Amino acid sequence: MIRKISDIFKEKEKTLGFEFFPPKTPKGLLKLYETAHLLKDLQPDYCSVTYGAGGNTKDKTMEVVDELQKRFGLPVMHHLTCNRHSISEIKQILNRMQERNIRNVLALYGDLPQDESICLEDKKEIKYCYELCKILKSRGDYFCVAVAGFPYGHINSPDRDTDIEYLKIKLESGGDFVITQLFFDNAVYFEYIEKLRRAKIQTRVIPGILPIVNYEKMLKFCADCEVVVPKEVHEIFKPITQDEEATRKAGVDFAVKQCRELLNKGAPGLHFFTLNKADPVREIIIQLREDKS
Ligand SMILES: Cc1cc2nc3c(=O)[nH]c(=O)nc-3n(C[C@H](O)[C@H](O)[C@H](O)COP(=O)(O)OP(=O)(O)OC[C@H]3O[C@@H](n4cnc5c(N)ncnc54)[C@H](O)[C@@H]3O)c2cc1C
């Protein structure tokens, strides 16, 4: 039986998770399973697979989650967005998850692709992610539900305090823990945690970590979701933009420093946005584990 991530929390103070996206091609799929195989040696507590993010096909998510669970016996969290589905479609998806022993879901509203937004308006029965959390929890104890948190505030939120109020509603509606949007400035994460605690939110908030492998793509992504890129990051990565290997190495060094501080100051683990690449994450974890030995 696949475990719920919330049950793992009862035994472990800090967890390690790897996020993948479902590739579009059979070749990409093979590469993903190779990557997952390599990363499995690092003994993650769970993996996760995105759903329709960045234009990727959502139909593949369940297939990949199912396959990873079967191959590795690990809990694999199915990201699920509610902006493209009616309530009855969501219920059918949850039925299929239950048939496949998929017990962990990252509940999300989802990114709205501009070209689809008009037809989505007609379909939209679920307005916010907290409603999806409620549907998931209506299945009794079956699902462990993660939700997204935004240390800089969500791009469409009026302000950070209101954003925290909305997060609280998601958690009261069934969210068991939080995974954050990426950030490079740890002070922003710790300020966020302080604000959450003041708002009486005691839930685990696992930092989302992006190892930088491509400066330009990282800048674009951060601009799209209004994540601030600190001066230090520009200073390190801008001069080496064209040098793939130097960027990869600097990305590893930066992430090791960032993760070391997060863990030392009490973060309850790490959730890596792997971009389906094994090497940078492997190097980061190995270096972090050398700290302990
Ligand atoms: C770790 C992580 C993984 C992700 N994976 C994916 C993925 O696989 N696929 C994908 O498409 N996207 C993914 N995303 C992106 C996410 O779907 C978008 O950022 C989305 O715009 C917000 O989703 P949410 O679940 O936070 O939505 P919500 O909590 O519904 O928030 C959406 C907006 O509505 C507002 N809001 C929320 N609740 C209320 C309320 N009660 N009243 C009024 N306003 C409210 C919020 O302030 C926010 O502006 C991921 C994000 C993170 C951090």
# chains A, B, ... in the order shown; residues from 1 in each chain; ligands from 1
$ select_by_dssp --residues "range 8-190 of chain A" --states "strand (DSSP E)" --output "VMD selection string"
chain A and resid 15 to 20 46 to 49 76 to 81 104 to 108 144 to 149 177 to 182
$ residues_around --residues "Arg160 in chain A" --least-positions-apart "3" --cutoff "12 Å" --atoms "only C-alpha atoms" --output "number ranges by chain"
A: 149-157, 163-167, 188, 191-192, 195-196
$ closest_residue --among "A:Asn186, A:Gln98, A:Ser6, A:Gln181" --to "Glu261 in chain A" --atoms "only C-alpha atoms"
A:Asn186
$ residues_around --residues "range 28-43 of chain A" --least-positions-apart "2" --cutoff "7 Å" --atoms "only C-alpha atoms" --output "PyMOL selection string"
chain A and resi 23-26+45+276-278+282
$ write_last_selection --atoms "N, CA and C atoms" --output "mmCIF file, in the first residue's frame"
data_model
loop_
_atom_site.group_PDB
_atom_site.id
_atom_site.type_symbol
_atom_site.label_atom_id
_atom_site.label_comp_id
_atom_site.auth_asym_id
_atom_site.auth_seq_id
_atom_site.Cartn_x
_atom_site.Cartn_y
_atom_site.Cartn_z
ATOM 1 N N PRO A 23 6.759 14.232 -19.814
ATOM 2 C CA PRO A 23 7.289 14.647 -21.122
ATOM 3 C C PRO A 23 6.268 14.407 -22.230
ATOM 4 N N LYS A 24 6.503 15.099 -23.366
ATOM 5 C CA LYS A 24 5.545 14.992 -24.474
ATOM 6 C C LYS A 24 5.831 13.799 -25.374
ATOM 7 N N THR A 25 7.084 13.342 -25.400
ATOM 8 C CA THR A 25 7.453 12.305 -26.372
ATOM 9 C C THR A 25 7.822 10.996 -25.654
ATOM 10 N N PRO A 26 7.734 9.855 -26.362
ATOM 11 C CA PRO A 26 8.144 8.578 -25.758
ATOM 12 C C PRO A 26 9.614 8.597 -25.331
ATOM 13 N N ASP A 45 11.617 10.859 -0.063
ATOM 14 C CA ASP A 45 10.418 10.391 0.650
ATOM 15 C C ASP A 45 9.219 10.320 -0.285
ATOM 16 N N ASN A 276 13.267 17.482 -14.631
ATOM 17 C CA ASN A 276 13.555 16.129 -15.176
ATOM 18 C C ASN A 276 15.044 15.884 -15.407
ATOM 19 N N LYS A 277 15.895 16.608 -14.651
ATOM 20 C CA LYS A 277 17.348 16.404 -14.771
ATOM 21 C C LYS A 277 17.862 15.817 -13.462
ATOM 22 N N ALA A 278 18.682 14.765 -13.577
ATOM 23 C CA ALA A 278 19.162 14.103 -12.359
ATOM 24 C C ALA A 278 20.408 14.780 -11.785
ATOM 25 N N ARG A 282 21.313 15.553 -7.791
ATOM 26 C CA ARG A 282 22.179 14.544 -7.160
ATOM 27 C C ARG A 282 23.386 15.189 -6.484
#
$ closest_residue --among "A:Tyr215, A:Tyr46, A:Phe21, A:Tyr189" --to "ligand 1" --atoms "only C-alpha atoms and all ligand atoms"
A:Phe21
$ residues_around --residues "range 266-273 of chain A" --least-positions-apart "4" --cutoff "6 Å" --atoms "only C-alpha atoms" --output "VMD selection string"
chain A and resid 14 to 19 206 to 210 262
$ write_last_selection --atoms "N, CA and C atoms" --output "PDB file, in the first residue's frame"
ATOM      1  N   LYS A  14      12.208  16.034   8.555  1.00  0.00           N
ATOM      2  CA  LYS A  14      12.542  16.690   7.282  1.00  0.00           C
ATOM      3  C   LYS A  14      12.381  15.689   6.144  1.00  0.00           C
ATOM      4  N   THR A  15      11.744  16.120   5.087  1.00  0.00           N
ATOM      5  CA  THR A  15      11.528  15.204   3.960  1.00  0.00           C
ATOM      6  C   THR A  15      12.177  15.740   2.688  1.00  0.00           C
ATOM      7  N   LEU A  16      12.401  14.806   1.783  1.00  0.00           N
ATOM      8  CA  LEU A  16      13.018  15.147   0.504  1.00  0.00           C
ATOM      9  C   LEU A  16      12.057  14.742  -0.619  1.00  0.00           C
ATOM     10  N   GLY A  17      11.744  15.667  -1.488  1.00  0.00           N
ATOM     11  CA  GLY A  17      10.819  15.372  -2.596  1.00  0.00           C
ATOM     12  C   GLY A  17      11.368  15.856  -3.923  1.00  0.00           C
ATOM     13  N   PHE A  18      11.056  15.131  -4.986  1.00  0.00           N
ATOM     14  CA  PHE A  18      11.508  15.492  -6.332  1.00  0.00           C
ATOM     15  C   PHE A  18      10.307  15.675  -7.253  1.00  0.00           C
ATOM     16  N   GLU A  19      10.242  16.831  -7.879  1.00  0.00           N
ATOM     17  CA  GLU A  19       9.127  17.096  -8.798  1.00  0.00           C
ATOM     18  C   GLU A  19       9.552  16.894 -10.254  1.00  0.00           C
ATOM     19  N   ILE A 206       7.031  23.333   3.069  1.00  0.00           N
ATOM     20  CA  ILE A 206       8.270  22.816   2.485  1.00  0.00           C
ATOM     21  C   ILE A 206       8.746  23.750   1.377  1.00  0.00           C
ATOM     22  N   PRO A 207       9.988  24.217   1.483  1.00  0.00           N
ATOM     23  CA  PRO A 207      10.461  25.143   0.450  1.00  0.00           C
ATOM     24  C   PRO A 207      10.668  24.474  -0.896  1.00  0.00           C
ATOM     25  N   GLY A 208      10.214  25.128  -1.939  1.00  0.00           N
ATOM     26  CA  GLY A 208      10.433  24.654  -3.312  1.00  0.00           C
ATOM     27  C   GLY A 208      11.758  25.207  -3.829  1.00  0.00           C
ATOM     28  N   ILE A 209      12.625  24.316  -4.307  1.00  0.00           N
ATOM     29  CA  ILE A 209      13.984  24.719  -4.699  1.00  0.00           C
ATOM     30  C   ILE A 209      14.194  24.483  -6.190  1.00  0.00           C
ATOM     31  N   LEU A 210      14.625  25.529  -6.871  1.00  0.00           N
ATOM     32  CA  LEU A 210      14.979  25.377  -8.287  1.00  0.00           C
ATOM     33  C   LEU A 210      16.496  25.496  -8.449  1.00  0.00           C
ATOM     34  N   LEU A 262      18.621  26.787   4.753  1.00  0.00           N
ATOM     35  CA  LEU A 262      17.212  26.485   5.031  1.00  0.00           C
ATOM     36  C   LEU A 262      17.098  25.367   6.064  1.00  0.00           C
TER      37      LEU A 262
END
$ decode --residues "range 215-263 of chain A" --atoms "C-alpha atoms" --output "compact mmCIF listing (two decimals), in the first residue's frame"
# COMPACT_ATOMS: atom_id res chain seq x y z
CA TYR A 215 19.77 31.86 -16.42
CA GLU A 216 17.54 33.25 -19.19
CA LYS A 217 14.78 30.66 -18.72
CA MET A 218 14.89 31.15 -14.95
CA LEU A 219 14.50 34.93 -15.41
CA LYS A 220 11.48 34.47 -17.65
CA PHE A 221 9.82 32.04 -15.26
CA CYS A 222 10.43 34.34 -12.28
CA ALA A 223 9.08 37.34 -14.21
CA ASP A 224 5.91 35.38 -15.08
CA CYS A 225 5.17 34.56 -11.45
CA GLU A 226 6.66 37.75 -9.98
CA VAL A 227 9.40 36.03 -8.01
CA VAL A 228 12.14 38.52 -7.21
CA VAL A 229 15.60 37.48 -8.42
CA PRO A 230 18.17 38.86 -5.94
CA LYS A 231 21.16 40.93 -7.09
CA GLU A 232 23.52 38.17 -5.98
CA VAL A 233 21.91 35.73 -8.44
CA HIS A 234 22.27 38.16 -11.34
CA GLU A 235 25.91 38.80 -10.40
CA ILE A 236 26.75 35.10 -10.38
CA PHE A 237 24.81 33.91 -13.42
CA LYS A 238 24.68 36.84 -15.86
CA PRO A 239 28.40 36.76 -16.81
CA ILE A 240 28.22 33.01 -17.54
CA THR A 241 24.85 32.95 -19.37
CA GLN A 242 26.31 31.35 -22.48
CA ASP A 243 28.38 28.75 -20.62
CA GLU A 244 26.10 25.79 -19.87
CA GLU A 245 28.56 23.86 -17.72
CA ALA A 246 29.64 26.89 -15.68
CA THR A 247 25.96 27.74 -15.10
CA ARG A 248 25.20 24.20 -13.98
CA LYS A 249 28.11 24.23 -11.53
CA ALA A 250 27.22 27.67 -10.17
CA GLY A 251 23.59 26.49 -9.90
CA VAL A 252 24.67 23.55 -7.77
CA ASP A 253 26.86 25.75 -5.55
CA PHE A 254 24.10 28.30 -5.09
CA ALA A 255 21.47 25.66 -4.27
CA VAL A 256 23.78 23.87 -1.79
CA LYS A 257 24.31 27.15 0.06
CA GLN A 258 20.60 27.96 -0.04
CA CYS A 259 19.47 24.49 1.10
CA ARG A 260 22.13 24.27 3.82
CA GLU A 261 20.86 27.49 5.39
CA LEU A 262 17.21 26.48 5.03
CA LEU A 263 17.77 23.14 6.74
